[in-house]
Amino acid sequence: MSDPTTIPAINGATTVRVPIEKAFRVFTSSFNTWWPREFHIGQAEMAKAILEPRAGGRWYERGVDGSECDWGRVLAWEPPLRLLVTWQINGSWQYDPDPEHASEIEVRFTAEGPERTRVELEHRHLDRLVDGRALRDGIGEGGGWSSVLEQFARAAASED
Amino acid sequence: MATYGDARLSLFGDPTRRAIFELLARRPWSVGELAKQLPITRPAVSQHLRVLKDGGLVVSRSEGTRRVYQIDPAGVGALRAYLDRIWDQALGAYQQAAETAPDDFVSRRKS
């Protein structure tokens with residue numbers, strides 16, 4: 001974990017003007033309503049993106065042709081505070097069922113007021129998605145991305 | 001480093017370029033195949049490919065008489081850049097959805 005060749009995690013954050021319970025519900029139960037349609041893994045157009053509301057649940061898409069394509073699994077289901085899921089889509093856009101190759105997405109919800117919730121997301125263990133030999137190539141690139149994410153966080157915050 | 005990050009983000013700023021990247025993510029394509037798939041000319045495809053290649057997201061190789069392009073399968077840079085872009089858009093969409101969803105939408109769905 002403290003290996004210096006670990007790929008930097010992706011961090012994102014946003015603040016929503018709703019109570020924490022609603023923030024969690026929209027993120028999970030209504031995942032399908034907000035996930036950008038253009039981001040899908042299956043060959044078919046995506047009809048629905050589904051996050052099953054329990055630890056051990058599936059996270060997957062269903063295509064317009066009825067085909068299903070897994071994205072990962074729900075590791076922790078702790079409404080309304082925390083969600084932990086795996087992302088097992090590798091660099092070839094394939095689902096890799098091996099848990100050893102699973103990256104993780106943790107989402108934390110923090111109430112900043114009765115009608116205000118901070119949502120922080122971390123997509124980590126990206127190194128598990130790719131061949132070890134590729135890691136060295138990507139390491140030098142980490143610094144640039146954190147600044148982009150800072151810009152995003154600022155943009156998200158400035159919408160209040 | 002900030003300018004470097006901005007440059008990489010702009011690789012996905014063009015919708016056509018992103019469409020090309022997403023096609024390449026699924027399998028290798030030649031310029032001709034991409035031009036047939038997309039509403040742009042071959043030279044335009046080549047130009048987008050050059051930008052993606054210069055940005056380190058895409059590699060090419062000769063296959064017989066033609067050249068095929070794919071995302072660098074060993075390169076974590078491309079994957080990370082793409083995922084970063086996904087989350088950027090997804091969190092923005094989530095924020096909008098959360099703030100416009102009716103208060104009782106979940107209980108309605110359950111009943």
# chains A, B, ... in the order shown; residues from 1 in each chain; ligands from 1

call {"tool": "residues_around", "arguments": {"residues": "stretch 112-121 of chain A", "least_positions_apart": "5", "cutoff": "8 Å", "atoms": "only C-alpha atoms", "output": "CSV table (one decimal) with C-alpha atoms, in the first residue's frame"}}
result
chain,number,residue,atom,x,y,z
A,11,ASN,CA,-10.4,12.0,-5.8
A,12,GLY,CA,-13.5,13.9,-6.4
A,13,ALA,CA,-15.9,15.8,-4.2
A,14,THR,CA,-19.1,17.8,-4.5
A,15,THR,CA,-21.6,19.4,-2.2
A,16,VAL,CA,-25.3,18.9,-2.6
A,17,ARG,CA,-28.0,21.0,-1.1
A,18,VAL,CA,-30.1,18.1,0.3
A,19,PRO,CA,-30.2,16.2,3.6
A,20,ILE,CA,-27.6,13.4,4.0
A,23,ALA,CA,-27.9,12.4,-0.9
A,105,ILE,CA,-14.5,3.3,-5.1
A,106,GLU,CA,-15.3,4.7,-1.7
A,107,VAL,CA,-18.0,7.3,-1.3

call {"tool": "residues_around", "arguments": {"residues": "A:Pro79", "least_positions_apart": "2", "cutoff": "12 Å", "atoms": "only C-alpha atoms", "output": "list in words"}}
result
Ile20, Glu21, Lys22, Ala23, Phe24, Arg25, Val26, Phe27, Thr28, Ser29, Pro53, Arg54, Ala55, Ala76, Trp77, Leu81, Arg82, Leu83, Leu84, Val107, Arg108, Phe109 and Thr110 of chain A

call {"tool": "closest_residue", "arguments": {"among": "A:Arg62, A:Arg73, A:Arg37, A:His101", "to": "chain B", "atoms": "only C-alpha atoms"}}
result
A:Arg37

call {"tool": "closest_residue", "arguments": {"among": "A:Val64, A:Met46, A:Ala111, A:Leu51", "to": "A:Trp87", "atoms": "only C-alpha atoms"}}
result
A:Leu51

call {"tool": "residues_around", "arguments": {"residues": "stretch 29-33 of chain B", "least_positions_apart": "5", "cutoff": "8 Å", "atoms": "only C-alpha atoms", "output": "VMD selection string"}}
result
chain B and resid 23 to 24 42 45 to 46 66 to 70

call {"tool": "residues_around", "arguments": {"residues": "B:Gln96", "least_positions_apart": "4", "cutoff": "10 Å", "atoms": "only C-alpha atoms", "output": "PDB file with N, CA and C atoms, in the first residue's frame"}}
result
ATOM      1  N   VAL A  16     -23.912  18.871  -2.122  1.00  0.00           N
ATOM      2  CA  VAL A  16     -25.287  18.931  -2.631  1.00  0.00           C
ATOM      3  C   VAL A  16     -26.191  19.532  -1.562  1.00  0.00           C
ATOM      4  N   ARG A  17     -27.163  20.329  -2.013  1.00  0.00           N
ATOM      5  CA  ARG A  17     -28.042  21.024  -1.064  1.00  0.00           C
ATOM      6  C   ARG A  17     -29.265  20.168  -0.751  1.00  0.00           C
ATOM      7  N   TRP A  34     -28.818   9.298 -12.940  1.00  0.00           N
ATOM      8  CA  TRP A  34     -27.816  10.348 -13.133  1.00  0.00           C
ATOM      9  C   TRP A  34     -26.520   9.871 -13.780  1.00  0.00           C
TER      10      TRP A  34
ATOM     11  N   ALA B  90     -19.716  12.486 -13.893  1.00  0.00           N
ATOM     12  CA  ALA B  90     -20.722  11.762 -13.111  1.00  0.00           C
ATOM     13  C   ALA B  90     -21.089  12.538 -11.844  1.00  0.00           C
ATOM     14  N   LEU B  91     -20.085  13.112 -11.171  1.00  0.00           N
ATOM     15  CA  LEU B  91     -20.392  13.840  -9.937  1.00  0.00           C
ATOM     16  C   LEU B  91     -21.199  15.105 -10.239  1.00  0.00           C
ATOM     17  N   GLY B  92     -20.908  15.719 -11.363  1.00  0.00           N
ATOM     18  CA  GLY B  92     -21.702  16.881 -11.759  1.00  0.00           C
ATOM     19  C   GLY B  92     -23.157  16.499 -12.014  1.00  0.00           C
ATOM     20  N   THR B 100     -32.558  18.103  -7.693  1.00  0.00           N
ATOM     21  CA  THR B 100     -33.832  18.254  -8.397  1.00  0.00           C
ATOM     22  C   THR B 100     -34.793  17.107  -8.123  1.00  0.00           C
ATOM     23  N   ALA B 101     -34.323  16.045  -7.456  1.00  0.00           N
ATOM     24  CA  ALA B 101     -35.203  14.903  -7.178  1.00  0.00           C
ATOM     25  C   ALA B 101     -36.264  15.317  -6.169  1.00  0.00           C
TER      26      ALA B 101
END

call {"tool": "select_by_dssp", "arguments": {"residues": "stretch 92-126 of chain A", "states": "strand (DSSP E)", "output": "ChimeraX atom specification"}}
result
/A:103-113,116-124
